[in-house]
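Okay, work36.cif now, which holds mmCIF, C-alpha atoms:
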data_data
#
loop_
_atom_site.label_atom_id
_atom_site.label_comp_id
_atom_site.auth_asym_id
_atom_site.auth_seq_id
_atom_site.Cartn_x
_atom_site.Cartn_y
_atom_site.Cartn_z
CA MET A 1 12.89 -4.17 -24.17
CA ILE A 2 9.45 -3.39 -22.74
CA LYS A 3 8.48 0.27 -22.41
CA SER A 4 5.80 0.93 -19.82
CA LEU A 5 3.79 3.86 -18.51
CA ILE A 6 2.95 3.55 -14.82
CA ILE A 7 0.03 5.50 -13.30
CA ASN A 8 -0.39 5.80 -9.52
CA PRO A 9 -3.27 8.14 -8.58
CA GLY A 10 -3.43 9.74 -5.15
CA SER A 11 -6.07 11.99 -3.63
CA THR A 12 -4.39 15.23 -4.80
CA SER A 13 -1.78 13.96 -7.25
CA THR A 14 -1.09 11.50 -10.05
CA LYS A 15 2.38 9.93 -10.03
CA LEU A 16 3.72 8.84 -13.41
CA GLY A 17 6.70 6.67 -14.27
CA VAL A 18 8.16 5.75 -17.64
CA PHE A 19 10.24 2.55 -17.62
CA GLU A 20 12.26 0.57 -20.10
CA ASP A 21 12.21 -2.90 -18.55
CA GLU A 22 13.11 -2.15 -14.89
CA ASN A 23 15.02 1.03 -15.71
CA LEU A 24 13.27 4.27 -14.76
CA ILE A 25 13.55 6.80 -17.59
CA PHE A 26 11.78 9.52 -15.63
CA GLU A 27 9.03 10.05 -13.10
CA GLU A 28 6.77 12.98 -12.38
CA THR A 29 4.09 13.89 -9.87
CA LEU A 30 1.19 15.85 -11.37
CA ARG A 31 -0.37 17.95 -8.60
CA HIS A 32 -4.11 18.66 -8.40
CA THR A 33 -5.35 21.65 -6.43
CA THR A 34 -8.25 21.46 -4.00
CA GLU A 35 -10.21 23.74 -6.33
CA GLU A 36 -9.67 21.38 -9.28
CA ILE A 37 -10.64 18.27 -7.33
CA SER A 38 -13.65 19.84 -5.61
CA ARG A 39 -15.36 20.29 -9.01
CA PHE A 40 -16.08 16.56 -9.08
CA GLU A 41 -18.82 14.98 -6.99
CA LYS A 42 -17.25 11.50 -7.07
CA ILE A 43 -13.68 10.34 -7.48
CA VAL A 44 -14.55 8.40 -10.64
CA ASP A 45 -15.72 11.66 -12.22
CA GLN A 46 -12.07 12.76 -12.32
CA VAL A 47 -11.08 10.22 -14.99
CA ASP A 48 -11.24 12.50 -18.04
CA PHE A 49 -9.58 15.38 -16.14
CA ARG A 50 -6.64 13.23 -15.04
CA LYS A 51 -6.31 11.47 -18.40
CA GLU A 52 -6.04 14.81 -20.19
CA MET A 53 -3.36 15.96 -17.74
CA ILE A 54 -1.37 12.76 -18.31
CA LEU A 55 -1.54 12.99 -22.10
CA ASN A 56 -0.68 16.70 -22.12
CA PHE A 57 2.30 16.09 -19.83
CA LEU A 58 3.66 13.31 -22.05
CA LYS A 59 3.20 15.52 -25.09
CA ASP A 60 5.12 18.35 -23.39
CA LYS A 61 7.91 15.86 -22.64
CA ASP A 62 7.96 14.81 -26.31
CA VAL A 63 7.01 11.25 -25.37
CA ASP A 64 5.12 9.46 -28.14
CA ILE A 65 2.14 7.77 -26.50
CA ASN A 66 2.31 5.07 -29.19
CA SER A 67 5.81 4.10 -28.02
CA PHE A 68 4.48 2.26 -24.96
CA ASP A 69 4.12 -1.53 -24.92
CA VAL A 70 1.97 -1.65 -21.79
CA ILE A 71 0.11 0.68 -19.42
CA VAL A 72 -0.05 -0.17 -15.71
CA GLY A 73 -2.31 1.39 -13.07
CA ARG A 74 -2.37 1.20 -9.28
CA GLY A 75 -5.06 -1.25 -8.18
CA GLY A 76 -8.04 0.04 -6.25
CA LEU A 77 -10.60 -1.11 -3.70
CA LEU A 78 -11.95 -4.15 -5.52
CA LYS A 79 -13.39 -7.35 -4.12
CA PRO A 80 -10.82 -9.47 -2.21
CA ILE A 81 -8.49 -11.20 -4.71
CA PRO A 82 -5.28 -13.28 -4.65
CA SER A 83 -1.94 -11.58 -5.26
CA GLY A 84 -0.83 -11.07 -8.84
CA THR A 85 -0.93 -8.99 -12.00
CA TYR A 86 -4.46 -8.59 -13.35
CA SER A 87 -5.62 -7.72 -16.85
CA VAL A 88 -7.85 -4.67 -16.75
CA THR A 89 -11.11 -6.19 -18.00
CA ASP A 90 -14.63 -4.82 -18.30
CA ASN A 91 -15.58 -6.59 -15.04
CA LEU A 92 -12.68 -4.96 -13.22
CA ILE A 93 -13.55 -1.52 -14.63
CA ARG A 94 -17.20 -2.00 -13.61
CA ASP A 95 -16.29 -2.64 -9.98
CA LEU A 96 -13.79 0.24 -9.90
CA ARG A 97 -16.40 2.63 -11.28
CA ASN A 98 -19.03 1.34 -8.83
CA ALA A 99 -16.53 1.57 -5.93
CA VAL A 100 -17.49 -1.90 -4.64
CA GLY A 101 -14.85 -1.66 -1.92
CA GLY A 102 -15.24 2.06 -1.26
CA GLU A 103 -14.29 5.41 -2.77
CA HIS A 104 -10.53 5.89 -3.14
CA ALA A 105 -8.27 7.66 -5.63
CA SER A 106 -6.48 4.38 -6.39
CA ASN A 107 -9.70 3.22 -8.08
CA LEU A 108 -8.74 5.53 -10.95
CA GLY A 109 -5.54 3.60 -11.71
CA GLY A 110 -7.05 0.75 -13.68
CA ILE A 111 -9.59 2.98 -15.41
CA LEU A 112 -6.90 5.40 -16.62
CA ALA A 113 -4.60 2.56 -17.68
CA LYS A 114 -7.24 0.85 -19.79
CA GLY A 115 -8.47 4.11 -21.28
CA ILE A 116 -5.02 5.01 -22.59
CA ALA A 117 -4.01 1.43 -23.48
CA ASP A 118 -7.12 0.78 -25.56
CA GLU A 119 -6.48 3.89 -27.64
CA ILE A 120 -3.01 2.66 -28.66
CA GLY A 121 -3.81 -1.07 -28.81
CA VAL A 122 -1.64 -2.38 -25.95
CA PRO A 123 -2.47 -4.37 -22.79
CA SER A 124 -3.26 -2.77 -19.44
CA TYR A 125 -2.77 -4.21 -15.97
CA ILE A 126 -3.07 -3.56 -12.25
CA VAL A 127 -0.75 -5.20 -9.71
CA ASP A 128 -1.34 -6.31 -6.10
CA PRO A 129 -4.04 -3.88 -4.96
CA VAL A 130 -4.63 -3.27 -1.24
CA VAL A 131 -7.45 -5.84 -1.20
CA VAL A 132 -5.12 -8.79 -1.89
CA ASP A 133 -6.45 -11.61 0.29
CA GLU A 134 -4.45 -14.81 0.84
CA LEU A 135 -5.38 -15.34 4.49
CA ASP A 136 -5.61 -18.82 5.94
CA ASP A 137 -9.17 -19.58 7.03
CA VAL A 138 -8.07 -19.77 10.66
CA ALA A 139 -6.81 -16.17 10.40
CA ARG A 140 -10.26 -14.88 9.43
CA VAL A 141 -12.04 -15.90 12.61
CA SER A 142 -12.89 -13.27 15.22
CA GLY A 143 -15.01 -13.66 18.34
CA VAL A 144 -17.93 -11.89 16.66
CA PRO A 145 -19.33 -13.86 13.69
CA GLU A 146 -20.53 -10.68 12.00
CA LEU A 147 -17.02 -9.20 12.17
CA PRO A 148 -14.54 -11.56 10.49
CA ARG A 149 -10.95 -10.41 10.12
CA THR A 150 -10.25 -9.01 6.66
CA SER A 151 -7.17 -8.34 4.56
CA VAL A 152 -6.50 -4.71 3.64
CA PHE A 153 -2.84 -3.74 3.63
CA HIS A 154 0.19 -2.55 1.66
CA ALA A 155 0.18 -5.61 -0.62
CA LEU A 156 2.10 -4.00 -3.49
CA ASN A 157 5.12 -3.01 -1.43
CA GLN A 158 5.02 -6.06 0.84
CA LYS A 159 5.13 -8.44 -2.13
CA ALA A 160 7.75 -6.34 -3.96
CA VAL A 161 10.25 -6.23 -1.08
CA ALA A 162 9.68 -9.90 -0.22
CA LYS A 163 10.50 -10.90 -3.79
CA ARG A 164 13.44 -8.48 -3.84
CA TYR A 165 14.88 -10.10 -0.73
CA ALA A 166 14.39 -13.59 -2.20
CA LYS A 167 16.17 -12.59 -5.39
CA GLU A 168 19.09 -11.02 -3.51
CA ALA A 169 19.33 -14.11 -1.28
CA GLY A 170 19.38 -16.39 -4.33
CA LYS A 171 16.22 -18.19 -3.22
CA LYS A 172 12.63 -18.55 -4.37
CA TYR A 173 10.06 -16.35 -2.64
CA GLU A 174 7.82 -19.40 -2.36
CA ASP A 175 10.48 -21.27 -0.35
CA LEU A 176 10.91 -18.57 2.32
CA ASN A 177 9.15 -17.74 5.59
CA LEU A 178 9.23 -13.96 5.94
CA ILE A 179 7.73 -11.31 8.19
CA VAL A 180 7.34 -8.05 6.29
CA VAL A 181 6.65 -4.80 8.15
CA HIS A 182 5.43 -1.80 6.13
CA MET A 183 5.61 1.43 8.13
CA GLY A 184 4.06 4.47 6.47
CA GLY A 185 0.88 6.45 7.07
CA GLY A 186 -0.45 3.07 8.16
CA VAL A 187 1.38 0.01 9.44
CA SER A 188 0.91 -3.57 8.22
CA VAL A 189 2.79 -6.64 9.44
CA GLY A 190 2.40 -9.74 7.29
CA ALA A 191 3.42 -13.40 7.56
CA HIS A 192 4.66 -14.72 4.20
CA THR A 193 4.99 -18.47 3.62
CA GLY A 194 4.70 -20.66 0.53
CA GLY A 195 4.38 -17.56 -1.63
CA ARG A 196 1.28 -16.34 0.24
CA ILE A 197 0.58 -13.76 2.93
CA VAL A 198 -1.33 -16.05 5.25
CA ASP A 199 -1.96 -13.49 7.99
CA VAL A 200 -1.65 -9.71 8.21
CA PHE A 201 -2.71 -6.98 10.59
CA ASN A 202 -5.33 -4.92 8.75
CA ALA A 203 -3.64 -1.60 8.02
CA LEU A 204 -6.86 0.35 7.55
CA SER A 205 -9.66 -0.73 9.84
CA GLY A 206 -8.07 -0.94 13.25
CA GLU A 207 -5.69 -3.78 14.00
CA GLY A 208 -2.14 -3.94 15.27
CA ALA A 209 0.19 -1.04 15.99
CA PHE A 210 -0.88 2.59 15.78
CA SER A 211 0.79 4.64 13.06
CA PRO A 212 1.24 8.28 12.08
CA GLU A 213 -2.43 8.61 11.07
CA ARG A 214 -4.25 5.50 12.33
CA ALA A 215 -5.26 4.39 15.78
CA GLY A 216 -4.52 0.69 15.32
CA GLY A 217 -6.08 -1.69 17.83
CA VAL A 218 -7.97 0.10 20.61
CA PRO A 219 -9.96 -1.24 23.62
CA PRO A 220 -13.28 -2.32 22.02
CA ALA A 221 -15.56 -1.76 25.02
CA ALA A 222 -14.24 1.79 25.46
CA LEU A 223 -14.71 2.40 21.72
CA VAL A 224 -18.35 1.28 21.96
CA GLU A 225 -18.89 3.70 24.86
CA MET A 226 -17.35 6.52 22.80
CA CYS A 227 -19.56 5.72 19.81
CA PHE A 228 -22.75 5.89 21.88
CA SER A 229 -21.73 8.77 24.14
CA GLY A 230 -23.54 11.30 21.98
CA LYS A 231 -20.40 13.43 21.79
CA TYR A 232 -19.32 12.35 18.33
CA THR A 233 -20.88 11.64 14.96
CA LYS A 234 -20.11 8.44 13.08
CA ASP A 235 -17.77 10.33 10.76
CA GLU A 236 -15.97 11.95 13.69
CA VAL A 237 -15.31 8.57 15.31
CA LYS A 238 -14.06 7.16 12.01
CA LYS A 239 -11.71 10.11 11.65
CA LYS A 240 -10.34 9.44 15.13
CA LEU A 241 -9.46 5.93 14.02
CA ILE A 242 -8.33 6.62 10.43
CA GLY A 243 -6.73 9.96 9.62
CA ASN A 244 -6.53 11.72 12.97
CA GLY A 245 -5.40 8.73 15.05
CA GLY A 246 -1.92 7.61 16.06
CA PHE A 247 0.82 10.24 16.05
CA ASN A 248 -1.71 12.85 14.92
CA ALA A 249 -3.89 12.33 18.00
CA LEU A 250 -1.05 11.85 20.46
CA LEU A 251 1.35 14.58 19.31
CA GLY A 252 -0.43 16.65 16.67
CA THR A 253 1.82 15.58 13.78
CA ASN A 254 1.96 12.70 11.30
CA ASN A 255 5.70 13.22 10.68
CA ALA A 256 7.63 10.29 12.17
CA GLN A 257 10.95 12.11 11.88
CA GLU A 258 9.53 15.02 13.87
CA VAL A 259 8.27 12.60 16.52
CA TYR A 260 11.77 11.14 16.86
CA LYS A 261 13.41 14.58 17.12
CA ARG A 262 10.92 15.65 19.77
CA SER A 263 11.48 12.38 21.64
CA LEU A 264 15.04 13.52 22.37
CA THR A 265 13.79 16.39 24.52
CA GLU A 266 10.08 15.76 25.28
CA GLU A 267 9.00 13.07 27.72
CA LYS A 268 5.60 12.51 26.08
CA ALA A 269 7.10 12.28 22.59
CA LYS A 270 9.63 9.73 23.85
CA LEU A 271 6.82 7.63 25.32
CA VAL A 272 4.89 7.73 22.03
CA PHE A 273 8.01 6.88 19.99
CA ASP A 274 8.85 3.97 22.30
CA ALA A 275 5.23 2.76 22.25
CA PHE A 276 5.25 2.72 18.45
CA VAL A 277 8.39 0.58 18.39
CA TYR A 278 6.93 -1.62 21.16
CA GLN A 279 3.66 -2.25 19.32
CA VAL A 280 5.27 -2.94 15.93
CA SER A 281 7.63 -5.39 17.64
CA LYS A 282 4.67 -7.13 19.32
CA ASP A 283 3.03 -7.55 15.92
CA ILE A 284 6.22 -9.11 14.56
CA GLY A 285 6.25 -11.53 17.49
CA ALA A 286 2.64 -12.49 16.77
CA GLN A 287 3.44 -13.27 13.13
CA ALA A 288 6.43 -15.32 14.25
CA ALA A 289 3.93 -17.49 16.14
CA VAL A 290 1.85 -17.78 12.93
CA LEU A 291 4.97 -19.15 11.22
CA LYS A 292 5.63 -21.49 14.18
CA GLY A 293 8.90 -19.74 14.91
CA LYS A 294 10.42 -20.71 11.57
CA VAL A 295 11.29 -17.27 10.21
CA ASP A 296 14.03 -16.83 7.61
CA GLN A 297 14.06 -13.02 7.62
CA ILE A 298 12.26 -9.98 8.99
CA ILE A 299 11.98 -7.12 6.49
CA LEU A 300 11.32 -3.50 7.52
CA THR A 301 10.09 -1.20 4.77
CA GLY A 302 8.02 1.95 4.11
CA GLY A 303 8.79 5.61 4.65
CA ILE A 304 9.39 5.29 8.40
CA ALA A 305 12.10 2.69 7.72
CA HIS A 306 14.32 5.61 6.63
CA GLY A 307 14.61 6.40 10.35
CA GLY A 308 17.68 4.64 11.71
CA GLN A 309 16.60 4.86 15.35
CA VAL A 310 13.21 3.24 14.65
CA THR A 311 14.74 0.32 12.77
CA ASN A 312 17.54 -0.09 15.31
CA ASP A 313 15.10 -0.16 18.21
CA ILE A 314 12.89 -2.71 16.46
CA LYS A 315 15.94 -4.84 15.66
CA GLU A 316 16.89 -4.79 19.33
CA ARG A 317 13.51 -6.27 20.25
CA VAL A 318 13.02 -8.84 17.46
CA SER A 319 16.41 -9.94 16.12
CA PHE A 320 16.25 -13.02 18.39
CA ILE A 321 13.49 -14.26 16.05
CA ALA A 322 15.39 -13.85 12.75
CA PRO A 323 17.85 -11.53 11.01
CA VAL A 324 16.46 -8.15 9.97
CA THR A 325 16.78 -6.50 6.56
CA VAL A 326 15.77 -2.87 5.95
CA TYR A 327 14.44 -1.64 2.60
CA PRO A 328 13.45 1.97 3.34
CA GLY A 329 10.74 3.70 1.33
CA GLU A 330 8.19 2.22 -1.02
CA ASP A 331 9.06 2.11 -4.72
CA GLU A 332 5.51 1.56 -5.94
CA LEU A 333 6.19 2.69 -9.51
CA LEU A 334 8.92 0.09 -9.92
CA ALA A 335 6.79 -2.59 -8.25
CA LEU A 336 3.98 -1.90 -10.72
CA ALA A 337 6.42 -2.02 -13.65
CA GLN A 338 7.89 -5.30 -12.41
CA GLY A 339 4.43 -6.87 -12.09
CA ALA A 340 3.67 -6.09 -15.73
CA LEU A 341 7.12 -7.22 -16.87
CA ARG A 342 6.65 -10.67 -15.32
CA VAL A 343 3.58 -11.11 -17.51
CA MET A 344 5.02 -9.51 -20.65
CA ASN A 345 8.16 -11.68 -20.38
CA GLY A 346 6.17 -14.87 -19.85
CA GLU A 347 7.32 -15.44 -16.25
CA GLU A 348 3.71 -15.61 -15.06
CA GLU A 349 0.24 -15.39 -16.52
CA ALA A 350 -2.01 -12.40 -16.07
CA LYS A 351 -4.91 -13.17 -13.75
CA GLN A 352 -8.53 -12.45 -14.60
CA TYR A 353 -10.82 -10.57 -12.23
CA SER A 354 -14.40 -11.76 -11.93
#
Please express what this file holds, its structure, as structure tokens.
Amino acid sequence: MIKSLIINPGSTSTKLGVFEDENLIFEETLRHTTEEISRFEKIVDQVDFRKEMILNFLKDKDVDINSFDVIVGRGGLLKPIPSGTYSVTDNLIRDLRNAVGGEHASNLGGILAKGIADEIGVPSYIVDPVVVDELDDVARVSGVPELPRTSVFHALNQKAVAKRYAKEAGKKYEDLNLIVVHMGGGVSVGAHTGGRIVDVFNALSGEGAFSPERAGGVPPAALVEMCFSGKYTKDEVKKKLIGNGGFNALLGTNNAQEVYKRSLTEEKAKLVFDAFVYQVSKDIGAQAAVLKGKVDQIILTGGIAHGGQVTNDIKERVSFIAPVTVYPGEDELLALAQGALRVMNGEEEAKQYS
């Protein structure tokens, strides 16, 4: 039996999970107030603060820190890397601390994992960070050489649900052609074949369907005019695209369930709800073309997949392509635990970041 501590840092919280193999013993979300976080100039400066909170919490729960066999952290904004479970090495820590891919709370995951693991003499890992990049070369090409398409998406949950479906279907993930749709604060739609995600709509920087907080693909010429209109700063435009876009901009809320409820009585809300379904379905159709129409299953996942009307409406549009399976929510703690278990049990080798 492998006992693991899972650490998933967010901007104002640190989620913890304690597992024995794949069995969750308990989980907890440690909240951080704005006042606590604002004391730190950079996100990486929060390491000691968060580590102390984690250790104090485990002590209060009478959990012996030395009882863990492995510590696993959420992967951060590293350089683009293939999917897998990665040993937390000095090179990986260096790039997390230097924020080579940008400042984000998830950068703390690997640093915290290694800091605790080294003290008790056990391995530390990260699993499928958002920068997982398995794109085919043809998928990288855009019409502007300076702006190639890039891979930033919900890799952890996409891989986890794809492998879950394969296991439940009694097949190998590598033998399946899948389209996986993650619908949360952002939306990513990926084409999985041969064990790789060969194409995906970038969930962060403006591709594909809009989402509760992100604008998705917008008319580029109009965006250029907005940028140079003199009405907005660079940061204000970025916020329109990431954070205040999508449902937030259109209806003043990032709550998908609220959007659905309002759609029952408000004409504008109904249009926005229908447009969301329409755009996600278009993205699925595009990935079906990537897979040359040979799709074994479409998988809907993420927080919005809890909404029966959303999933039903998407099914109505895309079920002609392939059957649809729904795995609502995103069990990131379990996915991180499973990634480490595959290495600890000898099912796969830990990858090395360089």
Could you tell me which residues the PyMOL selection byres ((chain A and resi 192-209) around 7) returns for this structure, as an mmCIF file with C-alpha atoms, in the frame of the given file?
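File part_32.cif, as written:
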data_model
loop_
_atom_site.group_PDB
_atom_site.id
_atom_site.type_symbol
_atom_site.label_atom_id
_atom_site.label_comp_id
_atom_site.auth_asym_id
_atom_site.auth_seq_id
_atom_site.Cartn_x
_atom_site.Cartn_y
_atom_site.Cartn_z
ATOM 1 C CA GLU A 134 -4.450 -14.810 0.840
ATOM 2 C CA LEU A 135 -5.380 -15.340 4.490
ATOM 3 C CA ASP A 136 -5.610 -18.820 5.940
ATOM 4 C CA ALA A 139 -6.810 -16.170 10.400
ATOM 5 C CA THR A 150 -10.250 -9.010 6.660
ATOM 6 C CA SER A 151 -7.170 -8.340 4.560
ATOM 7 C CA VAL A 152 -6.500 -4.710 3.640
ATOM 8 C CA PHE A 153 -2.840 -3.740 3.630
ATOM 9 C CA TYR A 173 10.060 -16.350 -2.640
ATOM 10 C CA GLU A 174 7.820 -19.400 -2.360
ATOM 11 C CA ASP A 175 10.480 -21.270 -0.350
ATOM 12 C CA LEU A 176 10.910 -18.570 2.320
ATOM 13 C CA ASN A 177 9.150 -17.740 5.590
ATOM 14 C CA LEU A 178 9.230 -13.960 5.940
ATOM 15 C CA ILE A 179 7.730 -11.310 8.190
ATOM 16 C CA GLY A 186 -0.450 3.070 8.160
ATOM 17 C CA VAL A 187 1.380 0.010 9.440
ATOM 18 C CA SER A 188 0.910 -3.570 8.220
ATOM 19 C CA VAL A 189 2.790 -6.640 9.440
ATOM 20 C CA GLY A 190 2.400 -9.740 7.290
ATOM 21 C CA ALA A 191 3.420 -13.400 7.560
ATOM 22 C CA PHE A 210 -0.880 2.590 15.780
ATOM 23 C CA SER A 211 0.790 4.640 13.060
ATOM 24 C CA ALA A 215 -5.260 4.390 15.780
ATOM 25 C CA GLY A 216 -4.520 0.690 15.320
ATOM 26 C CA GLY A 217 -6.080 -1.690 17.830
ATOM 27 C CA PHE A 276 5.250 2.720 18.450
ATOM 28 C CA GLN A 279 3.660 -2.250 19.320
ATOM 29 C CA VAL A 280 5.270 -2.940 15.930
ATOM 30 C CA ASP A 283 3.030 -7.550 15.920
#
Shell around region 307-313 of chain A at 9 Å using only C-alpha atoms, local window under 3 positions removed, as a PyMOL selection string = chain A and resi 256-257+260+273-274+276-278+300+303-304+316-318+326+328
What is the CA of Gly102 (chain A) to CA of Ser11 (chain A) distance in Å?
-> 13.7 Å
Two-atom distance - CA of Ala340 (chain A), CA of Gly184 (chain A) (Å) |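 If I compute the distance from CA of Ala340 (chain A) to CA of Gly184 (chain A), I get 24.6 Å.
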Can I get the residues of region 313-340 of chain A within 12 Å of region 122-129 of chain A, each with the closest pair of atoms and their distance in Å to one decimal, using all atoms listed in the file, sorted chain first then ascending number, as a tab-separated table?
residue	atom	partner	partner_atom	distance
A:Glu332	CA	A:Val127	CA	10.0
A:Leu333	CA	A:Val127	CA	10.5
A:Leu334	CA	A:Val127	CA	11.0
A:Ala335	CA	A:Val127	CA	8.1
A:Leu336	CA	A:Val127	CA	5.9
A:Ala337	CA	A:Val127	CA	8.8
A:Gln338	CA	A:Val127	CA	9.1
A:Gly339	CA	A:Val127	CA	5.9
A:Ala340	CA	A:Tyr125	CA	6.7
